[in-house]
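Trainee: Supplied structure: structure_17.txt, compact mmCIF, C-alpha atoms and all ligand atoms.
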# COMPACT_ATOMS: atom_id res chain seq x y z
CA MET A 721 -87.71 -65.00 48.38
CA LEU A 722 -84.39 -65.49 46.59
CA ARG A 723 -82.45 -64.53 49.73
CA ASP A 724 -84.11 -67.30 51.75
CA PHE A 725 -83.59 -69.75 48.89
CA PHE A 726 -79.83 -69.14 48.71
CA ILE A 727 -79.47 -69.12 52.52
CA ALA A 728 -81.21 -72.53 52.61
CA LEU A 729 -78.80 -73.77 49.92
CA SER A 730 -75.83 -72.41 51.90
CA GLU A 731 -76.94 -74.49 54.90
CA ASN A 732 -77.44 -77.73 52.97
CA GLN A 733 -74.75 -80.03 54.32
CA THR A 734 -74.99 -82.59 51.49
CA LEU A 735 -74.36 -79.90 48.88
CA ASN A 736 -71.54 -78.45 51.01
CA ALA A 737 -69.86 -81.84 51.18
CA ALA A 738 -70.33 -82.50 47.45
CA ALA A 739 -68.88 -79.10 46.49
CA LYS A 740 -65.68 -79.83 48.46
CA ARG A 741 -64.95 -82.74 46.17
CA TYR A 742 -65.24 -80.75 42.95
CA GLY A 743 -62.99 -77.71 43.42
CA LEU A 744 -64.06 -74.14 42.62
CA LYS A 745 -67.06 -74.24 40.32
CA MET A 746 -70.13 -72.20 39.31
CA GLY A 747 -68.14 -68.96 39.16
CA ALA A 748 -66.89 -69.29 42.74
CA GLN A 749 -63.32 -68.71 41.53
CA HIS A 750 -64.22 -65.02 41.01
CA VAL A 751 -64.91 -64.58 44.71
CA VAL A 752 -62.66 -67.23 46.30
CA ALA A 753 -58.91 -66.63 46.05
CA GLY A 754 -57.86 -70.25 45.66
CA THR A 755 -57.99 -73.64 47.28
CA THR A 756 -54.42 -73.67 48.68
CA VAL A 757 -52.29 -71.41 50.88
CA GLU A 758 -49.83 -70.90 48.01
CA GLU A 759 -52.50 -69.69 45.57
CA THR A 760 -53.87 -67.40 48.25
CA ILE A 761 -50.47 -65.81 48.99
CA GLU A 762 -50.13 -65.07 45.26
CA SER A 763 -53.54 -63.34 45.28
CA ILE A 764 -52.51 -61.31 48.35
CA LYS A 765 -49.27 -60.21 46.67
CA LYS A 766 -51.34 -58.81 43.78
CA LEU A 767 -53.58 -56.89 46.23
CA ASN A 768 -50.56 -55.59 48.17
CA ALA A 769 -49.05 -54.33 44.90
CA MET A 770 -52.15 -52.10 44.56
CA GLY A 771 -51.74 -50.77 48.11
CA ILE A 772 -54.47 -53.05 49.49
CA SER A 773 -54.04 -55.27 52.56
CA ALA A 774 -55.79 -58.59 53.15
CA THR A 775 -57.62 -60.49 55.84
CA VAL A 776 -57.42 -64.19 55.09
CA ASP A 777 -60.27 -66.60 55.80
CA ASN A 778 -59.76 -70.36 55.62
CA LEU A 779 -63.26 -71.35 54.47
CA GLY A 780 -65.10 -73.99 56.44
CA GLU A 781 -68.42 -74.54 58.16
CA PHE A 782 -70.51 -77.36 59.64
CA VAL A 783 -67.58 -78.66 61.64
CA PHE A 784 -68.86 -81.32 64.04
CA GLU A 785 -65.79 -83.57 64.26
CA ARG A 786 -62.74 -82.75 66.38
CA GLU A 787 -60.37 -83.90 63.61
CA GLU A 788 -61.87 -81.39 61.21
CA ALA A 789 -61.51 -78.55 63.71
CA LEU A 790 -57.90 -79.53 64.41
CA ALA A 791 -57.17 -79.67 60.67
CA ALA A 792 -58.65 -76.16 60.30
CA LYS A 793 -56.46 -74.93 63.14
CA GLU A 794 -53.35 -76.37 61.46
CA GLN A 795 -54.32 -74.74 58.17
CA ILE A 796 -54.74 -71.34 59.85
CA LEU A 797 -51.38 -71.72 61.63
CA ALA A 798 -49.88 -72.46 58.20
CA VAL A 799 -51.40 -69.22 56.86
CA VAL A 800 -49.83 -67.26 59.74
CA ASP A 801 -46.46 -68.82 58.86
CA ALA A 802 -46.94 -68.07 55.16
CA ILE A 803 -47.78 -64.42 55.91
CA ASN A 804 -44.51 -64.17 57.84
CA GLU A 805 -42.47 -66.08 55.30
CA HIS A 806 -43.67 -63.99 52.35
CA GLN A 807 -43.88 -60.77 54.37
CA VAL A 808 -47.26 -59.91 52.87
CA ASP A 809 -49.53 -57.26 54.37
CA ALA A 810 -52.26 -59.51 55.78
CA HIS A 811 -53.99 -60.72 58.92
CA ILE A 812 -56.41 -63.53 59.75
CA SER A 813 -60.20 -63.80 59.95
CA LEU A 814 -61.57 -66.97 61.49
CA LYS A 815 -64.86 -68.51 62.51
CA PRO A 816 -65.23 -70.11 65.97
CA SER A 817 -67.58 -72.78 64.56
CA GLN A 818 -64.80 -73.94 62.24
CA LEU A 819 -62.56 -74.37 65.27
CA GLY A 820 -65.02 -76.52 67.18
CA LEU A 821 -67.57 -74.20 68.81
CA ASP A 822 -70.42 -76.55 67.85
CA ILE A 823 -68.52 -79.45 69.45
CA ASP A 824 -67.33 -78.03 72.77
CA TYR A 825 -66.72 -74.47 73.97
CA ASP A 826 -63.45 -75.20 75.80
CA PHE A 827 -62.08 -77.16 72.85
CA ALA A 828 -62.81 -74.20 70.51
CA LEU A 829 -61.33 -71.73 73.00
CA GLU A 830 -58.08 -73.70 73.18
CA ASN A 831 -57.85 -73.92 69.39
CA LEU A 832 -58.34 -70.18 69.09
CA ARG A 833 -55.87 -69.56 71.90
CA GLU A 834 -53.18 -71.52 70.07
CA ILE A 835 -53.72 -69.47 66.90
CA VAL A 836 -53.83 -66.10 68.69
CA ASP A 837 -50.75 -67.00 70.71
CA HIS A 838 -48.80 -68.06 67.60
CA ALA A 839 -49.86 -64.93 65.69
CA SER A 840 -49.05 -62.64 68.63
CA LYS A 841 -45.36 -63.54 68.32
CA THR A 842 -45.18 -61.71 64.99
CA ASP A 843 -47.89 -59.19 65.80
CA ILE A 844 -50.44 -60.59 63.36
CA PHE A 845 -54.00 -59.53 64.14
CA ILE A 846 -56.73 -62.18 64.49
CA ASN A 847 -60.31 -61.19 63.77
CA ILE A 848 -63.04 -63.40 65.23
CA ASP A 849 -65.76 -63.35 62.57
CA MET A 850 -69.32 -63.34 63.84
CA GLU A 851 -71.72 -66.00 62.70
CA SER A 852 -75.39 -66.64 63.48
CA ASN A 853 -77.16 -65.74 66.72
CA LYS A 854 -76.52 -69.08 68.42
CA HIS A 855 -72.76 -68.49 68.13
CA LEU A 856 -72.85 -64.83 69.13
CA GLN A 857 -72.52 -64.90 72.93
CA PRO A 858 -70.02 -67.81 73.04
CA SER A 859 -67.88 -65.95 70.47
CA PHE A 860 -67.88 -62.82 72.63
CA ASP A 861 -67.02 -65.04 75.62
CA ILE A 862 -64.02 -66.39 73.69
CA LEU A 863 -62.94 -62.83 72.90
CA ASP A 864 -63.26 -61.91 76.60
CA GLU A 865 -61.07 -64.85 77.58
CA LEU A 866 -58.39 -64.29 74.94
CA SER A 867 -58.18 -60.54 75.45
CA LYS A 868 -57.08 -61.15 79.07
CA ASP A 869 -53.76 -62.40 77.64
CA TYR A 870 -53.47 -60.96 74.12
CA ASP A 871 -54.09 -57.66 72.37
CA ASN A 872 -53.89 -58.91 68.77
CA VAL A 873 -57.54 -59.95 68.71
CA GLY A 874 -60.81 -58.25 67.77
CA THR A 875 -64.21 -59.05 66.35
CA VAL A 876 -67.25 -58.05 64.32
CA ILE A 877 -70.39 -56.14 65.22
CA GLN A 878 -73.46 -57.06 63.14
CA ALA A 879 -75.79 -54.07 62.82
CA TYR A 880 -78.97 -56.12 62.40
CA PHE A 881 -78.87 -57.29 66.03
CA PHE A 882 -80.76 -55.20 68.59
CA ARG A 883 -77.92 -55.85 71.05
CA ALA A 884 -75.28 -54.35 68.73
CA GLU A 885 -75.47 -50.93 70.37
CA GLU A 886 -74.68 -52.41 73.79
CA ASP A 887 -71.92 -54.61 72.34
CA ILE A 888 -70.17 -51.76 70.57
CA GLU A 889 -70.12 -49.76 73.77
CA LYS A 890 -68.72 -52.72 75.70
CA TYR A 891 -66.06 -53.50 73.08
CA LYS A 892 -65.12 -49.94 72.13
CA ASN A 893 -61.49 -50.53 73.11
CA PHE A 894 -61.15 -53.26 70.52
CA ARG A 895 -60.37 -53.13 66.86
CA LEU A 896 -63.81 -53.85 65.38
CA ARG A 897 -65.18 -54.70 61.96
CA ILE A 898 -68.70 -53.35 61.55
CA VAL A 899 -71.05 -55.08 59.10
CA LYS A 900 -74.77 -55.16 58.36
CA GLY A 901 -75.03 -58.92 59.08
CA ALA A 902 -75.20 -61.89 56.71
CA TYR A 903 -77.38 -64.55 58.34
CA LYS A 904 -81.15 -64.89 58.57
CA GLU A 905 -82.11 -63.89 62.10
CA PRO A 906 -85.58 -63.87 63.72
CA ALA A 907 -87.54 -60.70 64.53
CA GLU A 908 -87.09 -61.35 68.27
CA VAL A 909 -83.39 -60.52 68.05
CA ALA A 910 -82.76 -58.57 64.85
CA TYR A 911 -84.03 -55.73 62.67
CA GLN A 912 -85.70 -57.09 59.55
CA THR A 913 -85.93 -54.15 57.16
CA LYS A 914 -83.10 -52.70 55.08
CA GLU A 915 -83.97 -49.19 56.31
CA GLU A 916 -83.66 -50.16 59.99
CA ILE A 917 -80.45 -52.14 59.45
CA ASP A 918 -78.84 -49.37 57.37
CA ALA A 919 -79.75 -46.72 59.97
CA ASN A 920 -78.30 -48.78 62.82
CA TYR A 921 -75.23 -49.54 60.71
CA ILE A 922 -74.43 -45.86 60.22
CA GLN A 923 -75.03 -45.12 63.90
CA LEU A 924 -72.63 -47.90 65.00
CA ILE A 925 -69.92 -46.84 62.57
CA GLU A 926 -70.12 -43.23 63.73
CA TYR A 927 -70.00 -44.32 67.38
CA HIS A 928 -66.90 -46.44 66.94
CA LEU A 929 -65.15 -43.85 64.76
CA MET A 930 -65.69 -41.25 67.47
CA ASN A 931 -65.15 -43.37 70.58
CA GLY A 932 -63.45 -46.58 69.65
CA LYS A 933 -60.17 -48.07 68.62
CA PHE A 934 -59.57 -48.91 64.97
CA THR A 935 -62.73 -49.29 62.82
CA SER A 936 -63.07 -51.57 59.79
CA ILE A 937 -66.07 -50.49 57.75
CA ALA A 938 -66.94 -53.64 55.83
CA THR A 939 -69.49 -52.94 53.12
CA HIS A 940 -70.01 -52.73 49.36
CA ASP A 941 -72.63 -50.04 49.86
CA HIS A 942 -71.46 -46.83 48.14
CA ASN A 943 -74.01 -44.77 50.09
CA VAL A 944 -72.47 -45.87 53.38
CA ILE A 945 -68.93 -45.36 52.06
CA ASN A 946 -69.75 -41.83 50.85
CA HIS A 947 -71.39 -41.04 54.18
CA VAL A 948 -68.29 -42.22 56.07
CA LYS A 949 -65.98 -40.18 53.82
CA GLN A 950 -67.95 -37.04 54.65
CA PHE A 951 -68.26 -37.93 58.35
CA VAL A 952 -64.51 -38.40 58.87
CA LYS A 953 -63.85 -35.14 57.04
CA ASP A 954 -66.38 -33.23 59.16
CA HIS A 955 -64.96 -34.68 62.39
CA ASN A 956 -61.29 -34.54 61.48
CA ILE A 957 -60.84 -38.27 61.95
CA SER A 958 -57.47 -39.31 60.66
CA THR A 959 -57.24 -42.04 58.03
CA ASP A 960 -55.09 -44.20 60.30
CA LYS A 961 -58.10 -44.71 62.60
CA PHE A 962 -60.13 -46.72 60.10
CA GLU A 963 -60.18 -48.74 56.92
CA PHE A 964 -62.73 -49.85 54.37
CA GLN A 965 -63.12 -53.56 53.73
CA MET A 966 -64.77 -55.46 50.90
CA LEU A 967 -64.90 -59.09 49.90
CA TYR A 968 -62.46 -60.50 47.37
CA GLY A 969 -63.75 -60.08 43.82
CA PHE A 970 -66.52 -57.56 44.64
CA ARG A 971 -66.56 -53.98 43.30
CA THR A 972 -62.88 -54.26 42.45
CA ASP A 973 -62.85 -50.88 40.65
CA MET A 974 -64.15 -49.19 43.77
CA GLN A 975 -61.58 -51.05 45.88
CA LYS A 976 -58.73 -49.62 43.77
CA GLU A 977 -60.33 -46.18 43.66
CA LEU A 978 -60.58 -45.95 47.47
CA ALA A 979 -57.01 -47.19 47.91
CA ASN A 980 -55.82 -44.61 45.34
CA GLU A 981 -57.69 -41.87 47.19
CA GLY A 982 -55.46 -42.66 50.19
CA TYR A 983 -57.89 -44.63 52.36
CA ASN A 984 -56.69 -47.79 54.10
CA PHE A 985 -58.30 -50.62 52.24
CA CYS A 986 -58.43 -54.28 53.21
CA VAL A 987 -59.85 -57.14 51.16
CA TYR A 988 -61.38 -60.19 52.82
CA VAL A 989 -59.69 -63.10 51.05
CA PRO A 990 -61.47 -66.43 51.45
CA PHE A 991 -59.73 -69.59 50.32
CA GLY A 992 -60.02 -73.35 50.63
CA GLN A 993 -62.09 -76.25 49.42
CA ASP A 994 -65.08 -75.46 51.59
CA TRP A 995 -66.28 -72.61 49.35
CA TYR A 996 -69.89 -73.58 48.74
CA GLY A 997 -71.69 -72.11 51.81
CA TYR A 998 -69.73 -68.86 51.51
CA PHE A 999 -70.59 -68.56 47.82
CA MET A 1000 -74.31 -69.23 48.42
CA ARG A 1001 -74.45 -66.52 51.13
CA ARG A 1002 -72.98 -64.05 48.66
CA LEU A 1003 -75.73 -64.98 46.17
CA ALA A 1004 -78.30 -64.54 48.96
CA GLU A 1005 -77.06 -61.01 49.67
CA ARG A 1006 -77.14 -59.97 46.07
CA PRO A 1007 -78.94 -62.21 43.59
CA GLN A 1008 -77.35 -60.10 40.81
CA ASN A 1009 -74.21 -62.06 41.69
CA MET A 1010 -75.93 -64.85 39.79
CA ASN A 1011 -74.28 -63.10 36.82
CA LEU A 1012 -71.08 -64.74 37.97
CA VAL A 1013 -72.71 -68.15 37.71
CA VAL A 1014 -74.41 -67.46 34.39
CA LYS A 1015 -71.23 -66.05 32.83
CA GLN A 1016 -69.36 -69.13 33.95
CA VAL A 1017 -71.88 -71.49 32.37
CA PHE A 1018 -71.72 -69.67 29.04
CA THR A 1019 -67.98 -69.07 28.86
CA LYS A 1020 -66.87 -72.64 29.53
P1 LIG B 1101 -75.86 -54.37 50.76
O1 LIG B 1101 -75.85 -55.81 50.33
O2 LIG B 1101 -76.86 -53.94 51.77
O3 LIG B 1101 -75.96 -53.49 49.46
C1 LIG B 1101 -76.30 -52.11 49.52
C2 LIG B 1101 -76.20 -51.52 48.15
O4 LIG B 1101 -74.83 -51.47 47.72
C3 LIG B 1101 -76.91 -52.32 47.05
O5 LIG B 1101 -78.27 -52.02 47.02
C4 LIG B 1101 -76.15 -51.89 45.81
O6 LIG B 1101 -76.60 -50.63 45.38
C5 LIG B 1101 -74.72 -51.74 46.33
N1 LIG B 1101 -73.95 -52.98 46.13
C6 LIG B 1101 -73.76 -53.97 47.02
N2 LIG B 1101 -72.98 -54.94 46.51
C7 LIG B 1101 -72.67 -54.55 45.26
C8 LIG B 1101 -71.90 -55.12 44.20
N3 LIG B 1101 -71.29 -56.29 44.34
N4 LIG B 1101 -71.81 -54.44 43.03
C9 LIG B 1101 -72.45 -53.24 42.88
N5 LIG B 1101 -73.19 -52.66 43.85
C10 LIG B 1101 -73.30 -53.29 45.00
N6 LIG B 1101 -71.36 -60.69 57.96
C11 LIG B 1101 -71.49 -61.33 59.15
O7 LIG B 1101 -72.61 -61.64 59.57
N7 LIG B 1101 -70.36 -61.65 59.87
C12 LIG B 1101 -69.12 -61.30 59.46
O8 LIG B 1101 -68.14 -61.60 60.16
C13 LIG B 1101 -68.98 -60.62 58.21
N8 LIG B 1101 -67.76 -60.24 57.72
C14 LIG B 1101 -67.67 -59.48 56.57
C15 LIG B 1101 -66.44 -59.01 56.11
C16 LIG B 1101 -66.37 -58.18 54.99
C17 LIG B 1101 -65.05 -57.66 54.54
C18 LIG B 1101 -67.57 -57.81 54.30
C19 LIG B 1101 -67.53 -56.89 53.12
C20 LIG B 1101 -68.78 -58.32 54.73
C21 LIG B 1101 -68.84 -59.16 55.84
N9 LIG B 1101 -70.07 -59.67 56.26
C22 LIG B 1101 -70.15 -60.33 57.48
C23 LIG B 1101 -71.27 -59.58 55.38
C24 LIG B 1101 -72.14 -58.38 55.71
O9 LIG B 1101 -72.78 -58.58 56.93
C25 LIG B 1101 -73.20 -58.14 54.62
O10 LIG B 1101 -74.04 -59.28 54.59
C26 LIG B 1101 -72.66 -57.92 53.24
O11 LIG B 1101 -71.50 -57.14 53.24
C27 LIG B 1101 -73.72 -57.26 52.35
O12 LIG B 1101 -74.04 -55.97 52.82
P2 LIG B 1101 -73.36 -54.63 52.24
O13 LIG B 1101 -73.13 -53.73 53.38
O14 LIG B 1101 -72.13 -55.00 51.47
O15 LIG B 1101 -74.39 -53.96 51.26
Any chance you could put this one into structure tokens?
Ligand code: FDA

Mentor:
Amino acid sequence: MLRDFFIALSENQTLNAAAKRYGLKMGAQHVVAGTTVEETIESIKKLNAMGISATVDNLGEFVFEREEALAAKEQILAVVDAINEHQVDAHISLKPSQLGLDIDYDFALENLREIVDHASKTDIFINIDMESNKHLQPSFDILDELSKDYDNVGTVIQAYFFRAEEDIEKYKNFRLRIVKGAYKEPAEVAYQTKEEIDANYIQLIEYHLMNGKFTSIATHDHNVINHVKQFVKDHNISTDKFEFQMLYGFRTDMQKELANEGYNFCVYVPFGQDWYGYFMRRLAERPQNMNLVVKQVFTK
């Protein structure tokens, strides 16, 4: 299956390392905002000018060295400073594995704490992205720890996990991003069919819209978006209780349309040299995105 093929490519550490050396290639520049903080701030300013906010992700995976995790932390702190300096409408998304979760739990927790603490001083929200199953519980544990001291932190619920229903109930007082789920997970822990995942996705969104704090509905699926539009209308849910989110470079016409219709809209803006794994997962989700690659090859 193409999905499995691209997921395997996304996890190939040799290819990840090689891609870092060559800058944005293969069409990745259409879905990655830049390789530097400066380029990324310029992309965010363009989004803000269209009434769209941003959540910024410093790309990076397979971090097994402390130096790399510390460098990632410094880069994210620099993004927080740049958001303040340029007064752009943006917050941060980060991955615990990039901050050392595969090295040592306490080390990752302290790195995250430093970022959340720094961002709390200017009220910048930090979203803990959710990765594969092995990172899931430790990431929730980190959230539990940090939320004892800070309220500018939230996370993601992945609808393909059987446990998602329990998690959303437990974390209903948090700002949550709800997604279908991007990794390949075994049948012991996750729904496998699109129908099951989509049904659970809708159920979780409705639950959090009705019972929870702020909801970020992160999807490119127009059926889900149309369903949510009708649901909030039927239940008189005010637009300041939720937002739609999409990835940078995807369905940009729909992004503008939703913002123009008056919905809060936030674009996930990935940047950095470590773009390869992210790009391959996007191809896995939607092999039609290969168009980006093909176009690039023929328009050089
Ligand atoms: P899906 O891929 O199921 O597509 C449904 C339908 O929508 C398609 O059949 C097609 O009709 C239409 N469609 C989709 N993409 C289209 C396109 N580009 N152009 C035209 N039509 C299109 N995952 C995770 O595990 N952890 C995380 O922290 C995050 N974070 C995150 C943030 C944001 C902002 C987004 C948008 C997504 C994530 N994800 C994620 C990824 C998420 O779990 C999921 O893998 C992808 O969003 C793909 O699922 P969709 O809901 O977008 O639709």

Trainee: Using only the atoms of ligand LIG 1101 (chain B) listed in the file, plus 4 Å on each side, state the axis-aligned box centre and edge lengths in Å rounded to one decimal, as AutoDock Vina command-line options.

Mentor:
--center_x -71.7 --center_y -56.1 --center_z 51.5 --size_x 21.2 --size_y 19.0 --size_z 25.3

Trainee: As a quick test: using all atoms listed in the file, which residues lie no more than 6 Å away from ligand LIG 1101 (chain B)? Give them as a list in words.

Mentor: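 Final answer, ordered by chain and number: Asp849, Met850, Glu851, Val876, Gln878, Val899, Lys900, Gly901, Ala902, Tyr903, Ala938, Thr939, His940, Asp941, His942, Gln965, Met966, Leu967, Phe970, Arg971, Tyr988 and Glu1005 of chain A.
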
Trainee: Extract, using only C-alpha atoms, all DNA, RNA and protein residues at most 10 Å from Pro906 (chain A), discarding same-chain residues fewer than 6 positions from it, and format them as a list in words.

Mentor: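 These residues fall inside the cut-off: Asn853, Phe881 and Gln912 of chain A.
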
Trainee: Go through A:His928, A:Lys841, A:Lys868, A:Arg883 one by one, measure the shortest atom-to-atom distance of each to Val909 (chain A) using all atoms listed in the file, and give the residue with the smallest value.

Mentor: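 Answer, going by the shortest atom-to-atom distance: A:Arg883.
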
Trainee: Work out how far apart CA of Ile862 (chain A) and CA of Ile803 (chain A) are and give it in Å to one decimal.

Mentor: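 Distance between the two atoms: 24.2 Å.
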